[in-house]
Amino acid sequence: PALRRLAQHLLAHYQRGTRPVRDWRTTTNVAIDLMVYAILSVDEKNQVLTTYIWYRQHWTDEFLEWDPARFDNLTQISLPVESIWVPDILINEFVDVGKSPHVPYVYVSHHGEVQNLKPIQVMTACSLDIYNFPFDVQNCSLTFTSWLHHIRDINLSLWRQPELVKFDQSVFMNQGEWELLYVLSCFQEFRVKSSDSYAEMKFYVVIRRRPLFYTVSLLLPSIFLMIMDIVGFYLPPHSGERVSFKITLLLGYSVFLIIVSDTLPATAVGTPLIGIYFVVCMALLVISLTETILIVRLVHKQDLQPHVPEWLKHLLLERATLLLCIRDREKFSQSRTQSLDTPRQVENNDGTAKATPRICEDPGECGAGGGSRSALAFAGRPEGPAALQDVLHETTAIRQLLEKREEFRDAAREWLQVGYVLDVLLFRVYLAAVLAYSITLGTLWSVWRDA
């Protein structure tokens, strides 16, 4: 048969150990090409990219030429790879031998052009930048070069035009986590110190992560918890439920971080921005809980507290209410005005027992002192019986107790108003910080997404 006769004719005296040129000064030009078939895995921790490519190369073998007329017009034949010379072109970034299928044959044309086509699983080292995770774009290079022959022996070129290689996604399986953007190609010469130059053909595989899964499983739950934390500020600060609510949110967020810790990429170089985002959200929750504890402490159990200082009243109940546009600002101002006017009413009506500001700790003092209520009420009258004096002392003591209780209630009411105004002030500062942080992160991620 013609195929067998042609194979015997070509391989009878073929020497596969030497470069197939008749003149040793002739350079063997190897044209290479690749098409990305799939992105198998991206190992951020070990900085390894695993891809599956279709690799093609062709060169001219001067000892594999024949006349088609002598062999039944055969113009192409497949020969075993082990029987002919094959250029030693490797990928510099190789870190492990992948599970690539073995293709045992090459195609040879009657002009001596040899075509070697094979699929390769490539495991290469790549500098992966995960700072923008999950909106990151990775650029990994595949450098093809002859490991032994310098540029005078083997030169490299591109099989197709660079524009065709750049946007060729005809065989790419694009249903995984990574999306192929484009493949750039670049030829360059490589020299080690004073040695000869080597030809290199670089292919830059640019891929982008699809962020939908991570947005749904990482970002949205965190956003929902932060929204619930903001809504929790509308609980009344004196009810006591706000503290337990925010503690529950903080514990829930801690459990959420433990669950998603395995999902985040881990490297020894840096931390992704989303990890910083989670830490800042945790810090905001802690700040919110601290503010709630402060306000609850301020508005609860004020029976033993003195009155609110005048400078604090002026700062919070007047200036802050005007700045924050609080609806009940008039009520706060009226309560402060009434508390300031009470001593003046006592001075103008010092002859009446109702507006007396004096508070006696002991009923006996009120009965024995010249300024007591019994002396004012019974001045100029004969001394009554002893039983009437006892009733008068008891009545005076009850009145003093009621007035002291009312004074404590006024102090507690003032601290409650201060607590409400301070709560609104801190809430708006907290809300402004959360909004500024969210806008900054959203802008950065949108810019990286569109880059």
# chains A, B, ... in the order shown; residues from 1 in each chain; ligands from 1
call {"tool": "closest_atom_pairs", "arguments": {"of": "segment 102-176 of chain A", "to": "segment 62-77 of chain A", "cutoff": "9 Å", "atoms": "only C-alpha atoms", "output": "tab-separated table"}}
result
residue	atom	partner	partner_atom	distance
A:Val106	CA	A:Ile77	CA	8.3
A:Tyr107	CA	A:Ile77	CA	5.8
A:Val108	CA	A:Ile77	CA	5.4
A:Ser109	CA	A:Gln76	CA	4.4
A:His110	CA	A:Glu65	CA	5.0
A:His111	CA	A:Glu65	CA	5.3
A:Gly112	CA	A:Glu65	CA	4.6
A:Glu113	CA	A:Leu64	CA	8.0
A:Val114	CA	A:Leu64	CA	8.6
call {"tool": "write_last_selection", "arguments": {"atoms": "N, CA, C and O atoms", "output": "CSV table (one decimal), in the first residue's frame"}}
result
chain,number,residue,atom,x,y,z
A,106,VAL,N,1.9,12.6,14.5
A,106,VAL,CA,2.0,14.0,13.9
A,106,VAL,C,1.6,13.9,12.4
A,106,VAL,O,1.8,12.8,11.8
A,107,TYR,N,1.2,15.0,11.9
A,107,TYR,CA,0.9,15.1,10.4
A,107,TYR,C,2.0,15.7,9.7
A,107,TYR,O,2.6,16.7,10.1
A,108,VAL,N,2.4,15.0,8.6
A,108,VAL,CA,3.5,15.5,7.7
A,108,VAL,C,3.0,15.7,6.3
A,108,VAL,O,2.4,14.8,5.8
A,109,SER,N,3.3,16.8,5.7
A,109,SER,CA,2.9,17.1,4.3
A,109,SER,C,4.1,16.8,3.4
A,109,SER,O,5.2,16.7,3.9
A,110,HIS,N,3.8,16.8,2.1
A,110,HIS,CA,4.9,16.4,1.2
A,110,HIS,C,5.9,17.5,1.0
A,110,HIS,O,7.0,17.2,0.5
A,111,HIS,N,5.7,18.7,1.5
A,111,HIS,CA,6.7,19.8,1.5
A,111,HIS,C,7.6,19.7,2.8
A,111,HIS,O,8.5,20.5,2.9
A,112,GLY,N,7.4,18.7,3.6
A,112,GLY,CA,8.2,18.6,4.8
A,112,GLY,C,7.6,19.3,6.0
A,112,GLY,O,8.3,19.4,7.1
A,113,GLU,N,6.4,19.9,5.9
A,113,GLU,CA,5.8,20.6,7.0
A,113,GLU,C,5.2,19.6,8.0
A,113,GLU,O,4.3,18.8,7.6
A,114,VAL,N,5.6,19.7,9.3
A,114,VAL,CA,5.2,18.8,10.3
A,114,VAL,C,4.2,19.6,11.2
A,114,VAL,O,4.6,20.7,11.7
call {"tool": "residues_around", "arguments": {"residues": "segment 162-174 of chain A", "least_positions_apart": "6", "cutoff": "7 Å", "atoms": "only C-alpha atoms", "output": "VMD selection string"}}
result
chain A and resid 36 to 38 182 to 185
call {"tool": "write_last_selection", "arguments": {"atoms": "all heavy atoms", "output": "compact mmCIF listing (two decimals), in the first residue's frame"}}
result
# COMPACT_ATOMS: atom_id res chain seq x y z
N VAL A 36 -7.57 28.32 24.49
CA VAL A 36 -7.94 27.94 25.85
C VAL A 36 -9.28 27.21 25.80
O VAL A 36 -10.27 27.74 25.30
CB VAL A 36 -8.02 29.18 26.76
CG1 VAL A 36 -8.41 28.77 28.17
CG2 VAL A 36 -6.69 29.92 26.77
N TYR A 37 -9.26 26.00 26.35
CA TYR A 37 -10.48 25.19 26.35
C TYR A 37 -11.26 25.34 27.64
O TYR A 37 -12.50 25.43 27.62
CB TYR A 37 -10.11 23.72 26.13
CG TYR A 37 -11.29 22.79 26.02
CD1 TYR A 37 -12.05 22.73 24.86
CD2 TYR A 37 -11.66 21.99 27.09
CE1 TYR A 37 -13.14 21.88 24.77
CE2 TYR A 37 -12.74 21.13 27.02
CZ TYR A 37 -13.49 21.09 25.84
OH TYR A 37 -14.57 20.26 25.75
N ALA A 38 -10.57 25.37 28.79
CA ALA A 38 -11.27 25.47 30.08
C ALA A 38 -10.30 25.97 31.13
O ALA A 38 -9.09 25.74 31.05
CB ALA A 38 -11.85 24.13 30.49
N TYR A 182 -9.62 37.58 27.28
CA TYR A 182 -8.84 37.56 26.03
C TYR A 182 -7.49 36.91 26.31
O TYR A 182 -7.11 36.68 27.46
CB TYR A 182 -8.66 38.97 25.45
CG TYR A 182 -8.25 40.01 26.46
CD1 TYR A 182 -6.93 40.17 26.84
CD2 TYR A 182 -9.21 40.85 27.03
CE1 TYR A 182 -6.56 41.12 27.76
CE2 TYR A 182 -8.84 41.82 27.96
CZ TYR A 182 -7.52 41.94 28.32
OH TYR A 182 -7.15 42.89 29.24
N VAL A 183 -6.78 36.63 25.23
CA VAL A 183 -5.44 36.03 25.29
C VAL A 183 -4.51 36.91 24.47
O VAL A 183 -4.69 37.04 23.25
CB VAL A 183 -5.43 34.59 24.75
CG1 VAL A 183 -4.01 34.01 24.81
CG2 VAL A 183 -6.38 33.71 25.54
N LEU A 184 -3.54 37.51 25.13
CA LEU A 184 -2.56 38.35 24.45
C LEU A 184 -1.32 37.54 24.12
O LEU A 184 -0.96 36.61 24.85
CB LEU A 184 -2.18 39.55 25.33
CG LEU A 184 -3.32 40.50 25.73
CD1 LEU A 184 -2.80 41.58 26.66
CD2 LEU A 184 -3.95 41.13 24.49
N SER A 185 -0.66 37.89 23.02
CA SER A 185 0.55 37.18 22.60
C SER A 185 1.67 38.19 22.40
O SER A 185 1.43 39.32 21.96
CB SER A 185 0.30 36.40 21.31
OG SER A 185 -0.16 37.26 20.29
call {"tool": "residues_around", "arguments": {"residues": "segment 220-222 of chain A", "least_positions_apart": "4", "cutoff": "9 Å", "atoms": "only C-alpha atoms", "output": "VMD selection string"}}
result
chain A and resid 214 to 216 226 to 227 253 256 278 281
call {"tool": "write_last_selection", "arguments": {"atoms": "all heavy atoms", "output": "compact mmCIF listing (two decimals), in the first residue's frame"}}
result
# COMPACT_ATOMS: atom_id res chain seq x y z
N TYR A 214 -20.65 34.58 45.12
CA TYR A 214 -20.09 35.19 46.32
C TYR A 214 -20.92 36.41 46.76
O TYR A 214 -20.99 36.70 47.96
CB TYR A 214 -18.64 35.61 46.05
CG TYR A 214 -17.76 34.44 45.71
CD1 TYR A 214 -17.46 34.14 44.39
CD2 TYR A 214 -17.25 33.61 46.70
CE1 TYR A 214 -16.66 33.06 44.07
CE2 TYR A 214 -16.45 32.53 46.40
CZ TYR A 214 -16.15 32.26 45.08
OH TYR A 214 -15.37 31.19 44.76
N THR A 215 -21.53 37.09 45.83
CA THR A 215 -22.39 38.21 46.20
C THR A 215 -23.61 37.72 46.99
O THR A 215 -24.00 38.32 47.99
CB THR A 215 -22.83 38.97 44.95
OG1 THR A 215 -21.67 39.44 44.24
CG2 THR A 215 -23.70 40.16 45.31
N VAL A 216 -24.19 36.62 46.52
CA VAL A 216 -25.38 36.08 47.18
C VAL A 216 -25.04 35.44 48.53
O VAL A 216 -25.76 35.61 49.51
CB VAL A 216 -26.09 35.08 46.25
CG1 VAL A 216 -27.24 34.38 46.98
CG2 VAL A 216 -26.61 35.78 45.01
N MET A 226 -26.40 44.24 58.68
CA MET A 226 -26.11 45.64 58.96
C MET A 226 -27.37 46.50 58.89
O MET A 226 -27.55 47.45 59.66
CB MET A 226 -25.07 46.17 57.98
CG MET A 226 -23.69 45.53 58.13
SD MET A 226 -22.99 45.73 59.78
CE MET A 226 -22.87 47.52 59.85
N ILE A 227 -28.27 46.16 57.97
CA ILE A 227 -29.55 46.89 57.88
C ILE A 227 -30.38 46.66 59.14
O ILE A 227 -30.99 47.59 59.69
CB ILE A 227 -30.32 46.46 56.61
CG1 ILE A 227 -29.59 46.98 55.36
CG2 ILE A 227 -31.75 47.01 56.64
CD1 ILE A 227 -30.22 46.52 54.06
N TYR A 253 -23.59 37.56 63.57
CA TYR A 253 -22.55 37.94 62.61
C TYR A 253 -21.27 37.15 62.86
O TYR A 253 -20.55 36.79 61.92
CB TYR A 253 -22.27 39.43 62.71
CG TYR A 253 -21.62 40.01 61.48
CD1 TYR A 253 -22.39 40.41 60.39
CD2 TYR A 253 -20.25 40.15 61.41
CE1 TYR A 253 -21.80 40.93 59.25
CE2 TYR A 253 -19.65 40.68 60.27
CZ TYR A 253 -20.43 41.07 59.21
OH TYR A 253 -19.84 41.58 58.08
N PHE A 256 -21.76 33.85 61.32
CA PHE A 256 -21.69 34.00 59.87
C PHE A 256 -20.24 34.04 59.40
O PHE A 256 -19.88 33.42 58.39
CB PHE A 256 -22.43 35.28 59.47
CG PHE A 256 -22.18 35.72 58.06
CD1 PHE A 256 -22.75 35.03 57.00
CD2 PHE A 256 -21.38 36.81 57.80
CE1 PHE A 256 -22.52 35.44 55.69
CE2 PHE A 256 -21.15 37.24 56.51
CZ PHE A 256 -21.72 36.54 55.45
N PHE A 278 -15.57 42.65 56.18
CA PHE A 278 -16.21 41.92 57.27
C PHE A 278 -15.71 42.40 58.63
O PHE A 278 -16.48 42.52 59.58
CB PHE A 278 -15.95 40.42 57.11
CG PHE A 278 -16.72 39.79 55.99
CD1 PHE A 278 -16.18 38.76 55.25
CD2 PHE A 278 -17.99 40.23 55.67
CE1 PHE A 278 -16.87 38.17 54.22
CE2 PHE A 278 -18.71 39.65 54.64
CZ PHE A 278 -18.15 38.62 53.91
N CYS A 281 -17.33 45.72 59.39
CA CYS A 281 -18.73 45.52 59.77
C CYS A 281 -18.85 45.01 61.20
O CYS A 281 -19.73 45.45 61.96
CB CYS A 281 -19.39 44.54 58.80
SG CYS A 281 -19.70 45.20 57.16
call {"tool": "residues_around", "arguments": {"residues": "segment 19-28 of chain A", "least_positions_apart": "4", "cutoff": "12 Å", "atoms": "only C-alpha atoms", "output": "PyMOL selection string"}}
result
chain A and resi 14-15+58-65+84-88+112-114+146+149-157+199
call {"tool": "atom_distance", "arguments": {"atom1": "atom CA of Asp262 of chain A", "atom2": "atom CA of Tyr131 of chain A"}}
result
16.5 Å
call {"tool": "residues_around", "arguments": {"residues": "segment 137-140 of chain A", "least_positions_apart": "4", "cutoff": "10 Å", "atoms": "only C-alpha atoms", "output": "NGL selection string"}}
result
:A and (42 or 48-49 or 93 or 124-130 or 132-133 or 178-184 or 203-210 or 448-449 or 451)
call {"tool": "write_last_selection", "arguments": {"atoms": "N, CA and C atoms", "output": "mmCIF file, in the first residue's frame"}}
result
data_model
loop_
_atom_site.group_PDB
_atom_site.id
_atom_site.type_symbol
_atom_site.label_atom_id
_atom_site.label_comp_id
_atom_site.auth_asym_id
_atom_site.auth_seq_id
_atom_site.Cartn_x
_atom_site.Cartn_y
_atom_site.Cartn_z
ATOM 1 N N VAL A 42 -8.192 27.551 40.167
ATOM 2 C CA VAL A 42 -7.301 28.644 40.545
ATOM 3 C C VAL A 42 -7.020 28.477 42.034
ATOM 4 N N VAL A 48 -1.260 28.764 41.969
ATOM 5 C CA VAL A 48 -1.185 27.841 40.837
ATOM 6 C C VAL A 48 -2.460 27.960 40.022
ATOM 7 N N LEU A 49 -2.296 28.080 38.710
ATOM 8 C CA LEU A 49 -3.415 28.118 37.769
ATOM 9 C C LEU A 49 -3.392 26.840 36.938
ATOM 10 N N GLU A 93 6.563 28.252 33.059
ATOM 11 C CA GLU A 93 5.824 28.325 34.326
ATOM 12 C C GLU A 93 5.313 26.974 34.820
ATOM 13 N N THR A 124 0.466 25.801 36.006
ATOM 14 C CA THR A 124 1.518 26.808 35.964
ATOM 15 C C THR A 124 1.460 27.704 37.189
ATOM 16 N N ALA A 125 2.635 28.251 37.522
ATOM 17 C CA ALA A 125 2.713 29.237 38.606
ATOM 18 C C ALA A 125 2.228 30.575 38.075
ATOM 19 N N CYS A 126 1.448 31.258 38.913
ATOM 20 C CA CYS A 126 0.877 32.542 38.508
ATOM 21 C C CYS A 126 0.771 33.428 39.745
ATOM 22 N N SER A 127 1.116 34.680 39.566
ATOM 23 C CA SER A 127 0.995 35.641 40.660
ATOM 24 C C SER A 127 -0.455 36.125 40.730
ATOM 25 N N LEU A 128 -1.209 35.547 41.650
ATOM 26 C CA LEU A 128 -2.642 35.828 41.769
ATOM 27 C C LEU A 128 -2.865 36.941 42.782
ATOM 28 N N ASP A 129 -3.574 37.959 42.349
ATOM 29 C CA ASP A 129 -3.899 39.098 43.211
ATOM 30 C C ASP A 129 -5.363 38.974 43.618
ATOM 31 N N ILE A 130 -5.596 38.686 44.916
ATOM 32 C CA ILE A 130 -6.963 38.456 45.392
ATOM 33 C C ILE A 130 -7.492 39.639 46.189
ATOM 34 N N ASN A 132 -9.060 42.220 45.216
ATOM 35 C CA ASN A 132 -10.374 42.653 44.739
ATOM 36 C C ASN A 132 -11.415 41.539 44.768
ATOM 37 N N PHE A 133 -11.122 40.413 45.405
ATOM 38 C CA PHE A 133 -12.064 39.300 45.487
ATOM 39 C C PHE A 133 -13.407 39.785 46.034
ATOM 40 N N TRP A 178 -14.898 30.985 36.225
ATOM 41 C CA TRP A 178 -14.047 31.976 35.587
ATOM 42 C C TRP A 178 -14.478 32.219 34.153
ATOM 43 N N GLU A 179 -14.347 33.451 33.748
ATOM 44 C CA GLU A 179 -14.705 33.885 32.405
ATOM 45 C C GLU A 179 -13.434 34.340 31.678
ATOM 46 N N LEU A 180 -13.232 33.824 30.460
ATOM 47 C CA LEU A 180 -12.070 34.195 29.668
ATOM 48 C C LEU A 180 -12.334 35.524 28.965
ATOM 49 N N LEU A 181 -11.484 36.507 29.245
ATOM 50 C CA LEU A 181 -11.629 37.811 28.602
ATOM 51 C C LEU A 181 -10.899 37.852 27.269
ATOM 52 N N TYR A 182 -9.617 37.576 27.276
ATOM 53 C CA TYR A 182 -8.843 37.560 26.034
ATOM 54 C C TYR A 182 -7.492 36.915 26.311
ATOM 55 N N VAL A 183 -6.776 36.629 25.226
ATOM 56 C CA VAL A 183 -5.442 36.029 25.289
ATOM 57 C C VAL A 183 -4.506 36.909 24.465
ATOM 58 N N LEU A 184 -3.541 37.513 25.127
ATOM 59 C CA LEU A 184 -2.560 38.353 24.452
ATOM 60 C C LEU A 184 -1.320 37.540 24.120
ATOM 61 N N PHE A 203 2.103 34.057 26.074
ATOM 62 C CA PHE A 203 0.655 34.181 25.961
ATOM 63 C C PHE A 203 0.125 34.605 27.333
ATOM 64 N N TYR A 204 -0.568 35.715 27.378
ATOM 65 C CA TYR A 204 -1.155 36.219 28.625
ATOM 66 C C TYR A 204 -2.645 35.877 28.639
ATOM 67 N N VAL A 205 -2.995 34.968 29.519
ATOM 68 C CA VAL A 205 -4.388 34.528 29.657
ATOM 69 C C VAL A 205 -5.045 35.400 30.724
ATOM 70 N N VAL A 206 -6.000 36.227 30.312
ATOM 71 C CA VAL A 206 -6.681 37.160 31.215
ATOM 72 C C VAL A 206 -8.067 36.602 31.504
ATOM 73 N N ILE A 207 -8.334 36.322 32.778
ATOM 74 C CA ILE A 207 -9.600 35.723 33.193
ATOM 75 C C ILE A 207 -10.227 36.581 34.284
ATOM 76 N N ARG A 208 -11.527 36.489 34.397
ATOM 77 C CA ARG A 208 -12.275 37.254 35.406
ATOM 78 C C ARG A 208 -13.242 36.327 36.128
ATOM 79 N N ARG A 209 -13.319 36.521 37.445
ATOM 80 C CA ARG A 209 -14.193 35.686 38.271
ATOM 81 C C ARG A 209 -15.638 36.164 38.145
ATOM 82 N N ARG A 210 -16.556 35.214 38.098
ATOM 83 C CA ARG A 210 -17.982 35.566 38.117
ATOM 84 C C ARG A 210 -18.424 35.726 39.574
ATOM 85 N N TRP A 448 -13.431 48.271 39.701
ATOM 86 C CA TRP A 448 -12.660 47.062 39.385
ATOM 87 C C TRP A 448 -13.454 46.121 38.504
ATOM 88 N N ARG A 449 -14.763 46.116 38.656
ATOM 89 C CA ARG A 449 -15.590 45.242 37.835
ATOM 90 C C ARG A 449 -15.568 45.683 36.378
ATOM 91 N N ALA A 451 -13.199 47.501 34.971
ATOM 92 C CA ALA A 451 -11.839 47.725 34.458
ATOM 93 C C ALA A 451 -11.456 46.631 33.450
#
call {"tool": "select_by_dssp", "arguments": {"residues": "segment 91-307 of chain A", "states": "strand (DSSP E or B)", "output": "number ranges by chain"}}
result
A: 91, 94-97, 105-109, 113-125, 137-146, 154-158, 178-191, 197-209
call {"tool": "residues_around", "arguments": {"residues": "Thr145 of chain A", "least_positions_apart": "4", "cutoff": "7 Å", "atoms": "only C-alpha atoms", "output": "PyMOL selection string"}}
result
chain A and resi 89-91+199-201
call {"tool": "atom_distance", "arguments": {"atom1": "atom CA of Ile293 of chain A", "atom2": "atom CA of Ile247 of chain A"}}
result
10.5 Å
